[in-house]
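Read through the structure below, which is laid out as structure tokens, and then see the notes.
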Amino acid sequence: FPVTISRYAVTFTGIPSWVRRITVMLSGVSTSATSPLILRIGSGSIVITGYTSSASSAGGSNSDTTGFLLTNGTANSDTLNGAVQVLNLSGNIWVESGVMATLNGSARMSGGTVTLAGVLDQVQVTTLNGTDTFDAGTINVMYEG
């Protein structure tokens, strides 16, 4: 499936309509500043509204409605490792849950839900502010029916 990689986002498109579970895997992912990581999904285009989402760590928690919040913030030196699952609950309703860890031993937990207007066909990982850039690591997806 096609992948679009920019300094600001990694977008996986062409996800088949039969998919019911998507696992997003991150290894050594780092960004240029401290904006939280966010996962967005879409049907025809990436959806940026309507999410109910939160992420937490020992340092606190945050919530967001523009995507699945994966972290409640990062430090410039953080590298994130872990997996996030996006599961089809029913129809076009999707839920997200994930656990990641940083090299400094901090765990990040996340969860949320969103209803799409149509069939999911793309997934994007970016930063909440949209301006911090990726500077290390690997992001990939696996999907299942």
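Just so we're on the same page: first chain in the structure tokens is A, next is B, and so on; residues restart at 1 for each chain, and ligands are numbered from 1 in the order they show up.
For Met100 (chain A), the set of protein, DNA and RNA residues having any atom at most 10 Å away, when counting only C-alpha atoms and skipping those fewer than 3 positions along the same chain, is A:Met25, A:Leu26, A:Ser27, A:Ser57, A:Leu70, A:Thr71, A:Thr79, A:Leu80, A:Asn81, A:Gly82, A:Ala83, A:Val84, A:Gly105, A:Ser106, A:Ala107, A:Arg108, A:Met109, A:Ser110.
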May I have the selected residues written with N, CA, C and O atoms, as an mmCIF file, in the first residue's frame?
```
data_model
loop_
_atom_site.group_PDB
_atom_site.id
_atom_site.type_symbol
_atom_site.label_atom_id
_atom_site.label_comp_id
_atom_site.auth_asym_id
_atom_site.auth_seq_id
_atom_site.Cartn_x
_atom_site.Cartn_y
_atom_site.Cartn_z
ATOM 1 N N MET A 25 3.019 0.436 14.480
ATOM 2 C CA MET A 25 4.199 0.107 15.271
ATOM 3 C C MET A 25 5.213 1.237 15.172
ATOM 4 O O MET A 25 5.450 1.755 14.080
ATOM 5 N N LEU A 26 5.784 1.621 16.312
ATOM 6 C CA LEU A 26 6.775 2.683 16.362
ATOM 7 C C LEU A 26 8.033 2.153 17.027
ATOM 8 O O LEU A 26 7.968 1.505 18.074
ATOM 9 N N SER A 27 9.178 2.441 16.430
ATOM 10 C CA SER A 27 10.459 2.018 16.995
ATOM 11 C C SER A 27 11.452 3.172 16.912
ATOM 12 O O SER A 27 11.770 3.641 15.821
ATOM 13 N N SER A 57 0.559 9.454 31.205
ATOM 14 C CA SER A 57 1.802 8.870 31.706
ATOM 15 C C SER A 57 1.885 9.240 33.172
ATOM 16 O O SER A 57 0.984 9.889 33.712
ATOM 17 N N LEU A 70 -1.571 10.052 21.202
ATOM 18 C CA LEU A 70 -0.751 8.891 21.571
ATOM 19 C C LEU A 70 0.132 9.169 22.769
ATOM 20 O O LEU A 70 0.501 8.253 23.495
ATOM 21 N N THR A 71 0.524 10.417 22.961
ATOM 22 C CA THR A 71 1.342 10.809 24.107
ATOM 23 C C THR A 71 0.767 12.090 24.681
ATOM 24 O O THR A 71 0.081 12.836 23.984
ATOM 25 N N THR A 79 12.640 8.891 22.779
ATOM 26 C CA THR A 79 12.401 8.028 21.628
ATOM 27 C C THR A 79 11.312 7.051 22.039
ATOM 28 O O THR A 79 11.392 6.418 23.085
ATOM 29 N N LEU A 80 10.287 6.971 21.220
ATOM 30 C CA LEU A 80 9.110 6.172 21.546
ATOM 31 C C LEU A 80 9.153 4.815 20.868
ATOM 32 O O LEU A 80 9.514 4.703 19.699
ATOM 33 N N ASN A 81 8.769 3.785 21.617
ATOM 34 C CA ASN A 81 8.730 2.414 21.121
ATOM 35 C C ASN A 81 7.438 1.780 21.601
ATOM 36 O O ASN A 81 7.089 1.893 22.773
ATOM 37 N N GLY A 82 6.715 1.111 20.693
ATOM 38 C CA GLY A 82 5.492 0.439 21.104
ATOM 39 C C GLY A 82 4.542 0.242 19.948
ATOM 40 O O GLY A 82 4.924 0.352 18.782
ATOM 41 N N ALA A 83 3.294 -0.063 20.287
ATOM 42 C CA ALA A 83 2.286 -0.331 19.265
ATOM 43 C C ALA A 83 0.945 0.252 19.685
ATOM 44 O O ALA A 83 0.627 0.330 20.870
ATOM 45 N N VAL A 84 0.183 0.639 18.684
ATOM 46 C CA VAL A 84 -1.149 1.190 18.864
ATOM 47 C C VAL A 84 -2.085 0.394 17.962
ATOM 48 O O VAL A 84 -1.758 0.144 16.798
ATOM 49 N N GLY A 105 12.273 5.204 30.430
ATOM 50 C CA GLY A 105 11.450 4.335 31.263
ATOM 51 C C GLY A 105 10.043 4.826 31.519
ATOM 52 O O GLY A 105 9.337 4.265 32.341
ATOM 53 N N SER A 106 9.615 5.853 30.826
ATOM 54 C CA SER A 106 8.268 6.376 31.011
ATOM 55 C C SER A 106 7.303 5.664 30.073
ATOM 56 O O SER A 106 7.543 5.564 28.882
ATOM 57 N N ALA A 107 6.201 5.153 30.618
ATOM 58 C CA ALA A 107 5.183 4.488 29.797
ATOM 59 C C ALA A 107 4.131 5.504 29.383
ATOM 60 O O ALA A 107 3.793 6.407 30.145
ATOM 61 N N ARG A 108 3.609 5.350 28.166
ATOM 62 C CA ARG A 108 2.550 6.221 27.640
ATOM 63 C C ARG A 108 1.379 5.338 27.241
ATOM 64 O O ARG A 108 1.534 4.420 26.442
ATOM 65 N N MET A 109 0.196 5.588 27.797
ATOM 66 C CA MET A 109 -0.994 4.836 27.471
ATOM 67 C C MET A 109 -1.983 5.752 26.752
ATOM 68 O O MET A 109 -2.039 6.947 27.044
ATOM 69 N N SER A 110 -2.750 5.175 25.814
ATOM 70 C CA SER A 110 -3.703 5.998 25.070
ATOM 71 C C SER A 110 -4.957 5.198 24.747
ATOM 72 O O SER A 110 -4.930 3.972 24.708
#
```
In region 30-128 of chain A, DSSP strand (DSSP E) residues written as a VMD selection string: chain A and resid 30 to 31 37 to 42 52 to 57 60 to 64 68 to 69 80 to 90 93 to 102 107 to 115 122 to 127
Each residue of region 52-118 of chain A lying at most 10 Å from region 44-47 of chain A should get a row with its shortest atom-to-atom pair and the distance in Å to one decimal, counting only C-alpha atoms; could you produce that, ordered by chain and increasing number, as CSV?
```
residue,atom,partner,partner_atom,distance
A:Thr66,CA,A:Val47,CA,7.8
A:Gly67,CA,A:Val47,CA,7.7
A:Val114,CA,A:Val47,CA,9.2
A:Thr115,CA,A:Val47,CA,9.6
A:Leu116,CA,A:Val47,CA,7.7
A:Ala117,CA,A:Val47,CA,9.3
A:Gly118,CA,A:Gly44,CA,8.0
```
Would you mind listing, for every residue of region 17-80 of chain A within 10 Å of region 126-133 of chain A, the two atoms forming the shortest contact and the distance between them in Å to one decimal, using only C-alpha atoms, sorted by chain and ascending residue number, as a Markdown table?
```
| residue | atom | partner | partner_atom | distance |
| --- | --- | --- | --- | --- |
| A:Ser30 | CA | A:Thr133 | CA | 8.6 |
| A:Thr31 | CA | A:Thr133 | CA | 5.4 |
| A:Ser32 | CA | A:Thr133 | CA | 5.3 |
| A:Ala33 | CA | A:Asp132 | CA | 5.8 |
| A:Thr34 | CA | A:Asp132 | CA | 7.7 |
| A:Ser35 | CA | A:Thr127 | CA | 5.9 |
| A:Pro36 | CA | A:Leu128 | CA | 5.6 |
| A:Leu37 | CA | A:Thr127 | CA | 4.4 |
| A:Ile38 | CA | A:Thr127 | CA | 5.4 |
| A:Leu39 | CA | A:Thr126 | CA | 6.5 |
| A:Arg40 | CA | A:Thr126 | CA | 8.0 |
| A:Asp64 | CA | A:Leu128 | CA | 9.1 |
| A:Thr66 | CA | A:Leu128 | CA | 8.2 |
| A:Gly67 | CA | A:Leu128 | CA | 8.2 |
| A:Phe68 | CA | A:Leu128 | CA | 9.6 |
| A:Leu69 | CA | A:Leu128 | CA | 7.8 |
| A:Leu70 | CA | A:Thr127 | CA | 9.4 |
| A:Thr71 | CA | A:Leu128 | CA | 9.6 |
| A:Asn72 | CA | A:Leu128 | CA | 9.9 |
| A:Gly73 | CA | A:Leu128 | CA | 9.3 |
```
Selected residue, from A:Val86, A:Val119, A:Val141, A:Val10, that lies nearest to Gly42 (chain A) when counting only C-alpha atoms: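 Ranked by minimum distance to Gly42 (chain A), first place goes to A:Val119.
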Mind running region 45-115 of chain A against region 17-22 of chain A at 9 Å and telling me each contacting residue's nearest atom pair with the distance in Å (one decimal), counting only C-alpha atoms, chain and number ascending, as JSON lines?
```
{"residue": "A:Val84", "atom": "CA", "partner": "A:Ile22", "partner_atom": "CA", "distance": 8.2}
{"residue": "A:Gln85", "atom": "CA", "partner": "A:Ile22", "partner_atom": "CA", "distance": 5.6}
{"residue": "A:Val86", "atom": "CA", "partner": "A:Ile22", "partner_atom": "CA", "distance": 5.1}
{"residue": "A:Leu87", "atom": "CA", "partner": "A:Arg21", "partner_atom": "CA", "distance": 4.6}
{"residue": "A:Asn88", "atom": "CA", "partner": "A:Arg20", "partner_atom": "CA", "distance": 5.0}
{"residue": "A:Leu89", "atom": "CA", "partner": "A:Arg20", "partner_atom": "CA", "distance": 8.3}
{"residue": "A:Trp94", "atom": "CA", "partner": "A:Arg20", "partner_atom": "CA", "distance": 8.9}
```
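Distances from A:Thr65, A:Ile41, A:Asn92, A:Ser6 to Val24 (chain A) were compared using only C-alpha atoms, and the smallest one belongs to A:Ile41.
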Nearest to Glu96 (chain A), chosen from A:Tyr143, A:Phe134, A:Tyr51, A:Tyr8, with only C-alpha atoms counted in the distances: A:Tyr51
Among the residues A:Ile48, A:Val125, A:Ala136, A:Leu120, the one that comes closest to Val3 (chain A) [using only C-alpha atoms]: A:Val125
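Compared by their closest atoms to Thr13 (chain A), and using only C-alpha atoms, the residues A:Ser61, A:Gln122, A:Ser90, A:Ser56 rank with A:Gln122 nearest.
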Point-to-point distance in Å for CA of Thr52 (chain A) and CA of Thr113 (chain A):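 Atom-to-atom, CA of Thr113 (chain A) and CA of Thr52 (chain A) are spaced 5.4 Å apart.
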Nearest to Gly28 (chain A) by atom-to-atom distance, counting only C-alpha atoms, from A:Asn140, A:Ser43, A:Thr102, A:Ser54: A:Thr102
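Between CA of Glu144 (chain A) and CA of Phe12 (chain A) the separation is 14.6 Å.
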